[in-house]
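Here is the file entry28.pdb (PDB, C-alpha atoms and all ligand atoms).
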ATOM      1  CA  MET A   1     -32.456 143.256 297.868
ATOM      2  CA  SER A   2     -29.706 142.215 300.299
ATOM      3  CA  GLU A   3     -30.722 140.522 303.553
ATOM      4  CA  ASP A   4     -29.912 141.962 306.967
ATOM      5  CA  PRO A   5     -27.020 140.067 308.596
ATOM      6  CA  LEU A   6     -28.050 137.693 311.380
ATOM      7  CA  ASN A   7     -27.407 138.841 314.930
ATOM      8  CA  PRO A   8     -25.305 136.514 317.181
ATOM      9  CA  LEU A   9     -28.370 134.758 318.676
ATOM     10  CA  GLN A  10     -29.940 134.185 315.263
ATOM     11  CA  GLN A  11     -26.614 132.904 313.931
ATOM     12  CA  GLU A  12     -26.361 130.457 316.847
ATOM     13  CA  VAL A  13     -29.816 129.043 316.045
ATOM     14  CA  MET A  14     -28.983 128.899 312.339
ATOM     15  CA  ASP A  15     -25.741 127.006 313.040
ATOM     16  CA  SER A  16     -27.655 124.502 315.202
ATOM     17  CA  LEU A  17     -30.316 123.832 312.590
ATOM     18  CA  LYS A  18     -28.377 123.713 309.322
ATOM     19  CA  ILE A  19     -27.492 120.413 307.690
ATOM     20  CA  PRO A  20     -23.913 119.375 308.563
ATOM     21  CA  ASP A  21     -21.660 118.599 305.601
ATOM     22  CA  ASP A  22     -21.184 115.007 306.785
ATOM     23  CA  TRP A  23     -24.896 114.302 307.457
ATOM     24  CA  THR A  24     -26.365 111.124 305.965
ATOM     25  CA  PRO A  25     -30.023 110.091 306.203
ATOM     26  CA  LEU A  26     -30.986 107.035 308.248
ATOM     27  CA  PRO A  27     -31.428 103.826 306.205
ATOM     28  CA  ALA A  28     -34.952 103.174 304.922
ATOM     29  CA  THR A  29     -35.114  99.967 306.990
ATOM     30  CA  VAL A  30     -35.382 102.099 310.144
ATOM     31  CA  VAL A  31     -38.985 102.952 309.247
ATOM     32  CA  THR A  32     -40.115  99.346 308.873
ATOM     33  CA  ASP A  33     -38.086  98.285 311.917
ATOM     34  CA  VAL A  34     -39.623 100.804 314.335
ATOM     35  CA  GLU A  35     -43.076 100.156 312.885
ATOM     36  CA  ALA A  36     -42.648  96.400 313.424
ATOM     37  CA  GLN A  37     -41.405  97.075 316.978
ATOM     38  CA  LEU A  38     -44.447  99.228 317.801
ATOM     39  CA  LEU A  39     -46.904  96.718 316.334
ATOM     40  CA  GLU A  40     -45.258  93.849 318.174
ATOM     41  CA  GLU A  41     -45.245  95.652 321.533
ATOM     42  CA  LEU A  42     -48.958  96.437 321.207
ATOM     43  CA  ALA A  43     -50.052  93.261 319.406
ATOM     44  CA  ASP A  44     -52.169  91.978 322.307
ATOM     45  CA  LEU A  45     -54.233  95.225 322.349
ATOM     46  CA  SER A  46     -55.435  94.656 318.780
ATOM     47  CA  ASP A  47     -59.040  93.925 319.792
ATOM     48  CA  TRP A  48     -59.383  96.132 322.889
ATOM     49  CA  PHE A  49     -60.724  99.136 320.957
ATOM     50  CA  THR A  50     -62.588  99.777 317.712
ATOM     51  CA  ALA A  51     -62.404 102.259 314.841
ATOM     52  CA  GLU A  52     -65.674 103.731 316.145
ATOM     53  CA  GLN A  53     -64.325 104.114 319.689
ATOM     54  CA  PRO A  54     -60.569 104.209 319.308
ATOM     55  CA  LEU A  55     -57.942 104.823 321.974
ATOM     56  CA  ARG A  56     -56.540 108.243 321.130
ATOM     57  CA  VAL A  57     -52.909 108.950 321.977
ATOM     58  CA  SER A  58     -51.365 112.415 322.015
ATOM     59  CA  LYS A  59     -48.211 114.004 323.380
ATOM     60  CA  HIS A  60     -50.117 115.410 326.344
ATOM     61  CA  LEU A  61     -51.772 112.085 327.209
ATOM     62  CA  LEU A  62     -48.416 110.290 327.044
ATOM     63  CA  THR A  63     -46.805 112.876 329.305
ATOM     64  CA  THR A  64     -49.519 112.641 331.939
ATOM     65  CA  ILE A  65     -49.743 108.821 331.918
ATOM     66  CA  HIS A  66     -45.997 108.671 332.602
ATOM     67  CA  GLY A  67     -46.493 111.136 335.448
ATOM     68  CA  CYS A  68     -49.246 110.182 337.897
ATOM     69  CA  GLU A  69     -51.834 107.749 336.508
ATOM     70  CA  ALA A  70     -54.497 108.931 338.983
ATOM     71  CA  HIS A  71     -53.961 112.514 337.819
ATOM     72  CA  HIS A  72     -54.112 111.364 334.173
ATOM     73  CA  MET A  73     -57.495 109.694 334.752
ATOM     74  CA  ALA A  74     -58.813 112.717 336.665
ATOM     75  CA  GLN A  75     -57.861 114.961 333.739
ATOM     76  CA  ARG A  76     -59.583 112.617 331.285
ATOM     77  CA  ALA A  77     -62.798 112.904 333.317
ATOM     78  CA  GLU A  78     -62.642 116.711 333.355
ATOM     79  CA  ALA A  79     -63.648 118.868 330.397
ATOM     80  CA  PHE A  80     -60.629 120.847 329.139
ATOM     81  CA  SER A  81     -60.841 124.519 329.993
ATOM     82  CA  TRP A  82     -58.603 127.344 328.813
ATOM     83  CA  ASN A  83     -56.850 129.830 331.047
ATOM     84  CA  ILE A  84     -54.526 132.754 330.331
ATOM     85  CA  ASN A  85     -51.407 130.576 330.628
ATOM     86  CA  THR A  86     -52.579 127.758 328.367
ATOM     87  CA  VAL A  87     -53.956 130.111 325.719
ATOM     88  CA  ARG A  88     -50.695 132.084 325.562
ATOM     89  CA  GLY A  89     -48.876 129.311 323.681
ATOM     90  CA  THR A  90     -51.755 128.956 321.222
ATOM     91  CA  MET A  91     -51.726 132.682 320.526
ATOM     92  CA  VAL A  92     -47.939 132.695 320.018
ATOM     93  CA  HIS A  93     -48.256 129.883 317.477
ATOM     94  CA  LYS A  94     -51.004 131.786 315.650
ATOM     95  CA  ALA A  95     -48.839 134.934 315.625
ATOM     96  CA  VAL A  96     -45.851 132.971 314.194
ATOM     97  CA  GLU A  97     -48.186 131.481 311.575
ATOM     98  CA  LEU A  98     -49.272 134.969 310.500
ATOM     99  CA  LEU A  99     -45.657 136.124 310.555
ATOM    100  CA  LEU A 100     -44.760 133.586 307.847
ATOM    101  CA  ASN A 101     -46.900 135.445 305.321
ATOM    102  CA  TRP A 102     -46.761 138.962 306.797
ATOM    103  CA  LYS A 103     -45.803 141.290 303.948
ATOM    104  CA  SER A 104     -45.718 144.690 305.655
ATOM    105  CA  GLU A 105     -43.425 145.832 308.479
ATOM    106  CA  GLN A 106     -43.144 143.097 311.138
ATOM    107  CA  LEU A 107     -44.397 144.982 314.184
ATOM    108  CA  PRO A 108     -45.110 142.420 316.931
ATOM    109  CA  SER A 109     -48.054 144.371 318.374
ATOM    110  CA  HIS A 110     -49.774 144.546 314.953
ATOM    111  CA  ILE A 111     -49.237 140.857 314.266
ATOM    112  CA  VAL A 112     -50.483 139.864 317.739
ATOM    113  CA  ASP A 113     -53.608 142.007 317.321
ATOM    114  CA  ALA A 114     -54.277 140.239 314.013
ATOM    115  CA  ALA A 115     -53.714 136.857 315.717
ATOM    116  CA  ILE A 116     -56.188 137.698 318.494
ATOM    117  CA  THR A 117     -58.780 138.855 315.978
ATOM    118  CA  SER A 118     -58.235 135.758 313.852
ATOM    119  CA  VAL A 119     -58.743 133.383 316.807
ATOM    120  CA  ILE A 120     -61.834 135.237 318.067
ATOM    121  CA  ASN A 121     -63.439 135.267 314.601
ATOM    122  CA  ASN A 122     -62.725 131.621 313.800
ATOM    123  CA  PRO A 123     -65.289 129.330 315.485
ATOM    124  CA  ARG A 124     -63.121 126.309 314.576
ATOM    125  CA  GLU A 125     -60.398 127.581 316.936
ATOM    126  CA  SER A 126     -61.100 125.889 320.269
ATOM    127  CA  ALA A 127     -59.772 128.952 322.141
ATOM    128  CA  SER A 128     -62.128 131.285 320.257
ATOM    129  CA  ASP A 129     -64.883 131.602 322.887
ATOM    130  CA  PHE A 130     -62.391 131.854 325.743
ATOM    131  CA  VAL A 131     -60.411 134.697 324.142
ATOM    132  CA  ALA A 132     -63.637 136.481 323.151
ATOM    133  CA  SER A 133     -64.842 136.302 326.766
ATOM    134  CA  LEU A 134     -61.758 137.957 328.286
ATOM    135  CA  SER A 135     -62.177 141.288 330.032
ATOM    136  CA  GLU A 136     -60.139 144.245 328.790
ATOM    137  CA  PRO A 137     -57.465 143.889 331.515
ATOM    138  CA  GLU A 138     -57.200 140.122 330.876
ATOM    139  CA  LEU A 139     -56.883 140.688 327.134
ATOM    140  CA  ALA A 140     -54.239 143.341 327.739
ATOM    141  CA  GLU A 141     -52.306 140.875 329.932
ATOM    142  CA  LEU A 142     -52.502 138.175 327.247
ATOM    143  CA  ARG A 143     -51.574 140.625 324.495
ATOM    144  CA  GLY A 144     -48.530 141.819 326.454
ATOM    145  CA  ALA A 145     -47.303 138.264 327.059
ATOM    146  CA  VAL A 146     -47.741 137.240 323.417
ATOM    147  CA  VAL A 147     -46.093 140.440 322.112
ATOM    148  CA  GLY A 148     -43.144 139.639 324.407
ATOM    149  CA  SER A 149     -42.817 136.087 323.065
ATOM    150  CA  LEU A 150     -43.161 137.166 319.438
ATOM    151  CA  THR A 151     -40.596 139.932 319.938
ATOM    152  CA  ASN A 152     -38.169 137.349 321.349
ATOM    153  CA  PHE A 153     -38.847 135.090 318.366
ATOM    154  CA  LEU A 154     -38.157 137.892 315.884
ATOM    155  CA  GLU A 155     -34.996 138.956 317.684
ATOM    156  CA  CYS A 156     -33.523 135.527 318.354
ATOM    157  CA  PHE A 157     -34.742 133.165 315.615
ATOM    158  CA  PRO A 158     -33.427 133.569 312.057
ATOM    159  CA  PRO A 159     -36.092 134.856 309.641
ATOM    160  CA  LEU A 160     -37.957 131.870 308.192
ATOM    161  CA  LYS A 161     -37.273 131.706 304.457
ATOM    162  CA  PRO A 162     -39.953 130.262 302.118
ATOM    163  CA  GLN A 163     -37.306 127.872 300.682
ATOM    164  CA  TRP A 164     -37.149 126.164 304.097
ATOM    165  CA  ARG A 165     -40.825 125.159 303.633
ATOM    166  CA  PRO A 166     -41.800 126.274 307.158
ATOM    167  CA  VAL A 167     -45.137 124.930 308.419
ATOM    168  CA  VAL A 168     -46.704 126.075 311.676
ATOM    169  CA  GLU A 169     -49.090 123.783 313.623
ATOM    170  CA  HIS A 170     -48.264 120.816 311.394
ATOM    171  CA  SER A 171     -50.801 118.028 312.033
ATOM    172  CA  ALA A 172     -49.911 114.345 311.839
ATOM    173  CA  ARG A 173     -51.991 111.200 312.344
ATOM    174  CA  TYR A 174     -51.065 107.528 312.334
ATOM    175  CA  ALA A 175     -53.272 104.587 313.318
ATOM    176  CA  ILE A 176     -52.721 100.896 313.999
ATOM    177  CA  HIS A 177     -54.892  97.834 314.540
ATOM    178  CA  HIS A 178     -57.594  98.841 312.015
ATOM    179  CA  ASP A 179     -57.783 102.440 313.289
ATOM    180  CA  SER A 180     -58.507 101.301 316.861
ATOM    181  CA  ILE A 181     -55.406 103.036 318.301
ATOM    182  CA  VAL A 182     -54.884 106.499 316.841
ATOM    183  CA  PHE A 183     -51.778 108.632 317.378
ATOM    184  CA  THR A 184     -52.107 112.353 316.694
ATOM    185  CA  ALA A 185     -49.814 115.359 316.965
ATOM    186  CA  ARG A 186     -49.766 119.048 316.158
ATOM    187  CA  MET A 187     -46.166 120.171 315.774
ATOM    188  CA  ASP A 188     -45.443 123.847 316.463
ATOM    189  CA  LEU A 189     -43.016 124.431 313.595
ATOM    190  CA  VAL A 190     -41.565 122.122 310.956
ATOM    191  CA  ILE A 191     -38.917 123.269 308.486
ATOM    192  CA  GLY A 192     -37.147 121.442 305.684
ATOM    193  CA  LEU A 193     -37.976 118.955 302.972
ATOM    194  CA  PRO A 194     -39.230 115.404 303.688
ATOM    195  CA  GLY A 195     -36.413 113.190 304.889
ATOM    196  CA  ARG A 196     -34.455 116.118 306.298
ATOM    197  CA  LYS A 197     -37.100 117.917 308.337
ATOM    198  CA  VAL A 198     -36.425 119.689 311.617
ATOM    199  CA  ILE A 199     -39.324 119.510 314.087
ATOM    200  CA  ILE A 200     -39.348 122.450 316.493
ATOM    201  CA  ASP A 201     -41.352 122.865 319.685
ATOM    202  CA  LEU A 202     -41.752 126.535 320.644
ATOM    203  CA  LYS A 203     -41.938 126.849 324.428
ATOM    204  CA  THR A 204     -43.225 129.863 326.301
ATOM    205  CA  GLY A 205     -41.898 128.421 329.580
ATOM    206  CA  ARG A 206     -38.651 126.771 330.612
ATOM    207  CA  ILE A 207     -37.256 123.696 328.854
ATOM    208  CA  THR A 208     -37.679 120.505 330.909
ATOM    209  CA  ALA A 209     -36.476 116.914 330.542
ATOM    210  CA  THR A 210     -39.850 115.760 329.167
ATOM    211  CA  HIS A 211     -39.532 118.022 326.118
ATOM    212  CA  ARG A 212     -37.088 115.603 324.463
ATOM    213  CA  ASP A 213     -39.582 112.775 325.034
ATOM    214  CA  ASP A 214     -42.327 114.934 323.482
ATOM    215  CA  LEU A 215     -40.235 115.566 320.394
ATOM    216  CA  ARG A 216     -39.197 111.926 320.060
ATOM    217  CA  PHE A 217     -42.910 111.053 319.964
ATOM    218  CA  TYR A 218     -43.359 113.595 317.170
ATOM    219  CA  ALA A 219     -40.348 112.117 315.334
ATOM    220  CA  LEU A 220     -41.802 108.621 315.626
ATOM    221  CA  LEU A 221     -45.190 109.752 314.375
ATOM    222  CA  ASP A 222     -43.707 111.707 311.471
ATOM    223  CA  THR A 223     -41.475 108.758 310.555
ATOM    224  CA  LEU A 224     -44.392 106.324 310.470
ATOM    225  CA  ARG A 225     -46.730 108.710 308.658
ATOM    226  CA  SER A 226     -44.335 110.071 306.015
ATOM    227  CA  ARG A 227     -42.156 106.899 305.837
ATOM    228  CA  GLN A 228     -39.044 109.070 306.242
ATOM    229  CA  PRO A 229     -37.464 110.008 309.585
ATOM    230  CA  PRO A 230     -36.963 113.720 310.249
ATOM    231  CA  ARG A 231     -33.362 114.884 310.618
ATOM    232  CA  ARG A 232     -33.335 116.815 313.863
ATOM    233  CA  LEU A 233     -35.528 117.762 316.827
ATOM    234  CA  ALA A 234     -35.354 121.093 318.606
ATOM    235  CA  THR A 235     -37.044 122.746 321.559
ATOM    236  CA  TYR A 236     -36.819 126.527 321.451
ATOM    237  CA  SER A 237     -37.512 128.535 324.597
ATOM    238  CA  LEU A 238     -38.954 131.892 323.591
ATOM    239  CA  ASP A 239     -38.306 133.288 327.068
ATOM    240  CA  ALA A 240     -34.699 132.098 327.417
ATOM    241  CA  ALA A 241     -33.812 132.308 323.681
ATOM    242  CA  ARG A 242     -32.309 128.847 324.125
ATOM    243  CA  LEU A 243     -32.360 125.947 321.690
ATOM    244  CA  ASP A 244     -32.070 122.306 322.780
ATOM    245  CA  THR A 245     -31.461 119.967 319.847
ATOM    246  CA  GLU A 246     -31.199 116.246 319.257
ATOM    247  CA  ASP A 247     -30.419 114.388 316.033
ATOM    248  CA  VAL A 248     -32.974 111.759 315.087
ATOM    249  CA  SER A 249     -31.243 108.399 315.415
ATOM    250  CA  GLU A 250     -32.491 104.837 315.296
ATOM    251  CA  GLY A 251     -31.898 104.665 319.053
ATOM    252  CA  ALA A 252     -34.030 107.766 319.677
ATOM    253  CA  LEU A 253     -36.864 106.292 317.602
ATOM    254  CA  GLN A 254     -36.625 102.951 319.428
ATOM    255  CA  ALA A 255     -36.724 104.784 322.764
ATOM    256  CA  ALA A 256     -39.845 106.602 321.518
ATOM    257  CA  VAL A 257     -41.463 103.272 320.615
ATOM    258  CA  ARG A 258     -40.764 101.888 324.118
ATOM    259  CA  ARG A 259     -42.097 104.971 325.934
ATOM    260  CA  THR A 260     -45.117 105.204 323.616
ATOM    261  CA  SER A 261     -46.035 101.526 323.921
ATOM    262  CA  HIS A 262     -45.656 101.577 327.728
ATOM    263  CA  GLY A 263     -47.903 104.628 327.868
ATOM    264  CA  VAL A 264     -50.477 103.166 325.474
ATOM    265  CA  ARG A 265     -50.614  99.933 327.491
ATOM    266  CA  ALA A 266     -51.133 101.829 330.750
ATOM    267  CA  MET A 267     -53.854 104.015 329.172
ATOM    268  CA  ALA A 268     -55.580 100.966 327.678
ATOM    269  CA  GLU A 269     -55.593  99.119 331.014
ATOM    270  CA  LEU A 270     -56.965 102.121 332.890
ATOM    271  CA  VAL A 271     -59.571 103.161 330.309
ATOM    272  CA  THR A 272     -60.926  99.598 330.188
ATOM    273  CA  LYS A 273     -60.809  99.417 334.023
ATOM    274  CA  LYS A 274     -58.490  96.398 334.089
ATOM    275  CA  ARG A 275     -56.631  97.873 337.069
ATOM    276  CA  GLU A 276     -56.556 100.852 339.408
ATOM    277  CA  PRO A 277     -54.365 103.875 338.520
ATOM    278  CA  LEU A 278     -51.035 104.267 340.336
ATOM    279  CA  LYS A 279     -50.172 107.463 342.164
ATOM    280  CA  ARG A 280     -46.811 109.129 341.569
ATOM    281  CA  THR A 281     -46.017 112.406 343.259
ATOM    282  CA  GLY A 282     -44.405 115.179 341.247
ATOM    283  CA  MET A 283     -44.791 118.820 340.296
ATOM    284  CA  GLN A 284     -48.224 118.012 338.840
ATOM    285  CA  CYS A 285     -49.495 117.542 342.424
ATOM    286  CA  LYS A 286     -49.566 121.335 342.816
ATOM    287  CA  TRP A 287     -52.467 121.700 340.376
ATOM    288  CA  CYS A 288     -53.999 118.218 340.643
ATOM    289  CA  PRO A 289     -57.804 118.209 341.152
ATOM    290  CA  LEU A 290     -57.347 115.228 343.530
ATOM    291  CA  LEU A 291     -54.942 117.060 345.862
ATOM    292  CA  ASP A 292     -57.555 117.667 348.572
ATOM    293  CA  THR A 293     -58.143 113.923 348.986
ATOM    294  CA  CYS A 294     -54.652 112.587 348.206
ATOM    295  CA  GLU A 295     -52.405 112.213 351.260
ATOM    296  CA  GLU A 296     -49.266 111.386 349.206
ATOM    297  CA  GLY A 297     -49.734 114.471 347.046
ATOM    298  CA  ALA A 298     -50.523 116.738 349.999
ATOM    299  CA  GLN A 299     -47.375 115.544 351.805
ATOM    300  CA  PHE A 300     -45.282 116.140 348.662
ATOM    301  CA  VAL A 301     -46.643 119.680 348.250
ATOM    302  CA  ARG A 302     -45.948 120.418 351.945
ATOM    303  CA  GLN A 303     -42.347 119.252 351.454
ATOM    304  CA  LEU A 304     -42.030 121.443 348.357
ATOM    305  CA  SER A 305     -43.122 124.415 350.458
ATOM    306  CA  GLY A 306     -40.489 123.542 353.094
ATOM    307  CA  ILE A 307     -43.086 122.493 355.657
ATOM    308  CA  ASP A 308     -41.953 119.494 357.726
ATOM    309  CA  ASP A 309     -44.805 117.182 358.775
ATOM    310  CA  ASP A 310     -43.379 117.297 362.305
ATOM    311  CA  ASP A 311     -44.176 121.039 362.267
ATOM    312  CA  LEU A 312     -47.901 120.344 361.917
TER
HETATM  313  S1  LIG A 401     -52.023 114.812 344.218
HETATM  314 FE1  LIG A 401     -50.195 114.057 343.147
HETATM  315  S2  LIG A 401     -49.972 111.888 343.748
HETATM  316 FE2  LIG A 401     -52.056 112.558 344.285
HETATM  317  S3  LIG A 401     -53.297 111.980 342.549
HETATM  318 FE3  LIG A 401     -52.683 114.099 342.226
HETATM  319  S4  LIG A 401     -50.805 114.021 341.034
HETATM  320 FE4  LIG A 401     -51.161 111.977 341.860
END

Is it possible to give me this structure as C-alpha cells?
Ligand code: SF4
Amino acid sequence: MSEDPLNPLQQEVMDSLKIPDDWTPLPATVVTDVEAQLLEELADLSDWFTAEQPLRVSKHLLTTIHGCEAHHMAQRAEAFSWNINTVRGTMVHKAVELLLNWKSEQLPSHIVDAAITSVINNPRESASDFVASLSEPELAELRGAVVGSLTNFLECFPPLKPQWRPVVEHSARYAIHHDSIVFTARMDLVIGLPGRKVIIDLKTGRITATHRDDLRFYALLDTLRSRQPPRRLATYSLDAARLDTEDVSEGALQAAVRRTSHGVRAMAELVTKKREPLKRTGMQCKWCPLLDTCEEGAQFVRQLSGIDDDDL
C-alpha cells in the first residue's frame, strides 16, 4: 500500500531529523571523557549522600535550582499537585504513545478518550486520581486541549514508522558515587537506533531558552547510560508546529556536564543545609509560594505588570 505524501510541515520536520549524508558519529572517547569530567567535578560530594538516601537529580530540579534557589527549596518542601495545565502534557504523551500502535482510523478524539481512560484506570499513573476527580466541564476542557495538541501532532509531524524504533516516555537512569547521586529522566519521544538516536521533547507551550539545556541533560544521561551519544536533540512545539534542533557535539555534552555539576553542587549544599538559598527573580516569581513574603519577587512582579514603585 503506498504511503500518503508528506505535507510541507511534515516534510520540514522530516528534513530536520533525517541523518545527513556527511554525518559521522562522535568518537567513543567522548563518553569516557565526559564521564571523567562529571566524576571529577563532583568528586568531593562522594560521601555526602548514601545509596539509601541518595540525592536525586532530574531535569525539573536542575531547571529550578538554576532559577531561584529559594523557590527550588520551597518546591521541594511542597507535595507535588496536578492541575489542568500540568496534566495536559502528560495526557498528550499518553495519546502519542497510544497513537504508535493505533491500528484503526487515527481520529484524535477517539485516541484522546482512550488515553484518558487508560490514565484513570492505571493506579501506577501518578495523574490517575487527579484526572478521575475532574468535573465534567474540567474534563471537557482537558479533552479539548489534548485533542488540539494531538491534531497538531498528526498534521505537522511525519507519521512515526516502526523502523524508526520510536519510544514514548523513554526512561533513563545513571548513578555515581555508589548510587548516592542518581540522575533520572523520562524523555518524551526517542527515535532511531543506539548511537544515532534523536531525543525529542514535545512541548504544549512555547519554546524557551531552557529547553536546549533540558535536552542537553537528556543527551548527557543517555550518553552515560547507553555508552553512545545520541545524534540530535529536538524540541517540538505542538502549538506552534515549530522544531528547534541541535546536533549532539562534544561541546554540548561538556556544557551539560558543567551545568549539571553546578546544579548538583548547589542542591547538595542546600539539602544538607551548608548554606542559605539565594534568591533570583524571574518569571517563576509569578507562581512562587514565597511571593507574599519576598520583597524582591513582589517588586519584580509589580515591574512585570507595569506598576512603578513610585506609583504606590
Ligand atoms: S518570589 Fe521570586 S525571588 Fe522570591 S523566592 Fe520566589 S522565585 Fe525567588

Residue members of the PyMOL selection byres (((chain A and resi 197-212) around 6) and not hetatm) in the file shown, as a PDB file with C-alpha atoms, in the frame of the given file:
ATOM      1  CA  ASP A 188     -45.443 123.847 316.463  1.00  0.00           C
ATOM      2  CA  LEU A 189     -43.016 124.431 313.595  1.00  0.00           C
ATOM      3  CA  VAL A 190     -41.565 122.122 310.956  1.00  0.00           C
ATOM      4  CA  ILE A 191     -38.917 123.269 308.486  1.00  0.00           C
ATOM      5  CA  GLY A 192     -37.147 121.442 305.684  1.00  0.00           C
ATOM      6  CA  LEU A 193     -37.976 118.955 302.972  1.00  0.00           C
ATOM      7  CA  PRO A 194     -39.230 115.404 303.688  1.00  0.00           C
ATOM      8  CA  GLY A 195     -36.413 113.190 304.889  1.00  0.00           C
ATOM      9  CA  ARG A 196     -34.455 116.118 306.298  1.00  0.00           C
ATOM     10  CA  ASP A 213     -39.582 112.775 325.034  1.00  0.00           C
ATOM     11  CA  ASP A 214     -42.327 114.934 323.482  1.00  0.00           C
ATOM     12  CA  LEU A 215     -40.235 115.566 320.394  1.00  0.00           C
ATOM     13  CA  PRO A 230     -36.963 113.720 310.249  1.00  0.00           C
ATOM     14  CA  ARG A 231     -33.362 114.884 310.618  1.00  0.00           C
ATOM     15  CA  ARG A 232     -33.335 116.815 313.863  1.00  0.00           C
ATOM     16  CA  LEU A 233     -35.528 117.762 316.827  1.00  0.00           C
ATOM     17  CA  ALA A 234     -35.354 121.093 318.606  1.00  0.00           C
ATOM     18  CA  THR A 235     -37.044 122.746 321.559  1.00  0.00           C
ATOM     19  CA  TYR A 236     -36.819 126.527 321.451  1.00  0.00           C
ATOM     20  CA  SER A 237     -37.512 128.535 324.597  1.00  0.00           C
ATOM     21  CA  LEU A 238     -38.954 131.892 323.591  1.00  0.00           C
TER      22      LEU A 238
END

Env. residues ligand LIG 401 (chain A) / 9 Å / all atoms listed in the file / as a ChimeraX atom specification:
/A:67-72,74,278-301

Return as number ranges by chain the set of residues that the PyMOL selection byres (((chain A and resi 52-59) around 8) and not hetatm) yields on the displayed structure.
A: 49-51, 60-63, 179-185, 214, 217-218, 264, 268

Spatial sel., origin (-42.9, 110.0, 304.4), limit 12 Å, all atoms listed in the file, listed as an MDAnalysis selection string:
chainID A and resid 28 31:32 172 174 193:197 219:230

Residues just named, written with C-alpha atoms as a PDB file, keeping the file's coordinate frame:
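Result file follows (selection-v1.pdb):
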ATOM      1  CA  ALA A  28     -34.952 103.174 304.922  1.00  0.00           C
ATOM      2  CA  VAL A  31     -38.985 102.952 309.247  1.00  0.00           C
ATOM      3  CA  THR A  32     -40.115  99.346 308.873  1.00  0.00           C
ATOM      4  CA  ALA A 172     -49.911 114.345 311.839  1.00  0.00           C
ATOM      5  CA  TYR A 174     -51.065 107.528 312.334  1.00  0.00           C
ATOM      6  CA  LEU A 193     -37.976 118.955 302.972  1.00  0.00           C
ATOM      7  CA  PRO A 194     -39.230 115.404 303.688  1.00  0.00           C
ATOM      8  CA  GLY A 195     -36.413 113.190 304.889  1.00  0.00           C
ATOM      9  CA  ARG A 196     -34.455 116.118 306.298  1.00  0.00           C
ATOM     10  CA  LYS A 197     -37.100 117.917 308.337  1.00  0.00           C
ATOM     11  CA  ALA A 219     -40.348 112.117 315.334  1.00  0.00           C
ATOM     12  CA  LEU A 220     -41.802 108.621 315.626  1.00  0.00           C
ATOM     13  CA  LEU A 221     -45.190 109.752 314.375  1.00  0.00           C
ATOM     14  CA  ASP A 222     -43.707 111.707 311.471  1.00  0.00           C
ATOM     15  CA  THR A 223     -41.475 108.758 310.555  1.00  0.00           C
ATOM     16  CA  LEU A 224     -44.392 106.324 310.470  1.00  0.00           C
ATOM     17  CA  ARG A 225     -46.730 108.710 308.658  1.00  0.00           C
ATOM     18  CA  SER A 226     -44.335 110.071 306.015  1.00  0.00           C
ATOM     19  CA  ARG A 227     -42.156 106.899 305.837  1.00  0.00           C
ATOM     20  CA  GLN A 228     -39.044 109.070 306.242  1.00  0.00           C
ATOM     21  CA  PRO A 229     -37.464 110.008 309.585  1.00  0.00           C
ATOM     22  CA  PRO A 230     -36.963 113.720 310.249  1.00  0.00           C
TER      23      PRO A 230
END

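Atom pair CA of Asp21 (chain A) / CA of Asp247 (chain A) has a distance of 14.3 Å (rounded to one decimal).
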
Pick the closest to Lys161 (chain A) from A:Asn101, A:Gln11, A:Thr24, A:Thr64: which is it, counting all atoms listed in the file?
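Under the stated criterion, the closest residue is A:Asn101.
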
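Of the residues listed (A:Val257, A:Val87, A:Ala77, A:Val112), A:Val257 shows the shortest atom-to-atom separation from Leu39 (chain A); distances use all atoms listed in the file.
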
Nearest to Leu6 (chain A): which of A:Glu155, A:Glu169, A:Glu276, A:Asp244 is it, counting all atoms listed in the file?
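The shortest atom-to-atom distance to Leu6 (chain A) comes from A:Glu155.
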
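Proximity ranking of A:Ser149, A:Thr272, A:Gln303, A:Gln163 relative to Arg88 (chain A) places A:Ser149 first, based on all atoms listed in the file.
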
Computed interatomic separation between CA of Gln106 (chain A) and CA of Ser118 (chain A) (Å):
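Between CA of Gln106 (chain A) and CA of Ser118 (chain A) the gap is 17.0 Å.
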
What does the distance from CA of Asn152 (chain A) to CA of Val167 (chain A) come to in Å, to one decimal?
19.2 Å

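With all atoms listed in the file as the atoms that count, the residue of A:Leu42, A:Leu100, A:Ala256, A:Met267 with the shortest distance to Trp164 (chain A) is A:Leu100.
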
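Every protein, DNA or RNA residue with an atom at most 10 Å from Lys94 (chain A), where only C-alpha atoms count and chain neighbours fewer than 2 positions away do not, is listed here: Arg88, Gly89, Thr90, Met91, Val92, Val96, Glu97, Leu98, Leu99, Ile111, Val112, Ala114, Ala115, Ile116, Ser118, Val119, Val168, Glu169 and Asp188 of chain A.
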
Using the chain letters and numbering of this document, enumerate as a VMD selection string the residues selected by the PyMOL selection byres (((chain A and resi 13) around 8) and not hetatm).
chain A and resid 9 to 12 14 to 17 156 to 158 243

Could you turn the residues from that selection into a file that holds C-alpha atoms, as a short mmCIF file (atom, residue, chain, number, x, y, z; two decimals), in the frame of the given file?
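Written file, result.cif:
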data_model
loop_
_atom_site.label_atom_id
_atom_site.label_comp_id
_atom_site.auth_asym_id
_atom_site.auth_seq_id
_atom_site.Cartn_x
_atom_site.Cartn_y
_atom_site.Cartn_z
CA LEU A 9 -28.37 134.76 318.68
CA GLN A 10 -29.94 134.18 315.26
CA GLN A 11 -26.61 132.90 313.93
CA GLU A 12 -26.36 130.46 316.85
CA MET A 14 -28.98 128.90 312.34
CA ASP A 15 -25.74 127.01 313.04
CA SER A 16 -27.66 124.50 315.20
CA LEU A 17 -30.32 123.83 312.59
CA CYS A 156 -33.52 135.53 318.35
CA PHE A 157 -34.74 133.16 315.62
CA PRO A 158 -33.43 133.57 312.06
CA LEU A 243 -32.36 125.95 321.69
#

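The smallest atom-to-atom distance between Arg259 (chain A) and any of A:Ala145, A:Ile65, A:Ala79, A:Ile307, using only C-alpha atoms, is found for A:Ile65.
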
Test item: axis-aligned box, all listed atoms of region 79-87 of chain A, 3 Å on each side, centre and edges in Å rounded to one decimal, as lines of an AutoDock Vina configuration file:
center_x = -57.5
center_y = 125.8
center_z = 328.4
size_x = 18.2
size_y = 19.9
size_z = 11.3
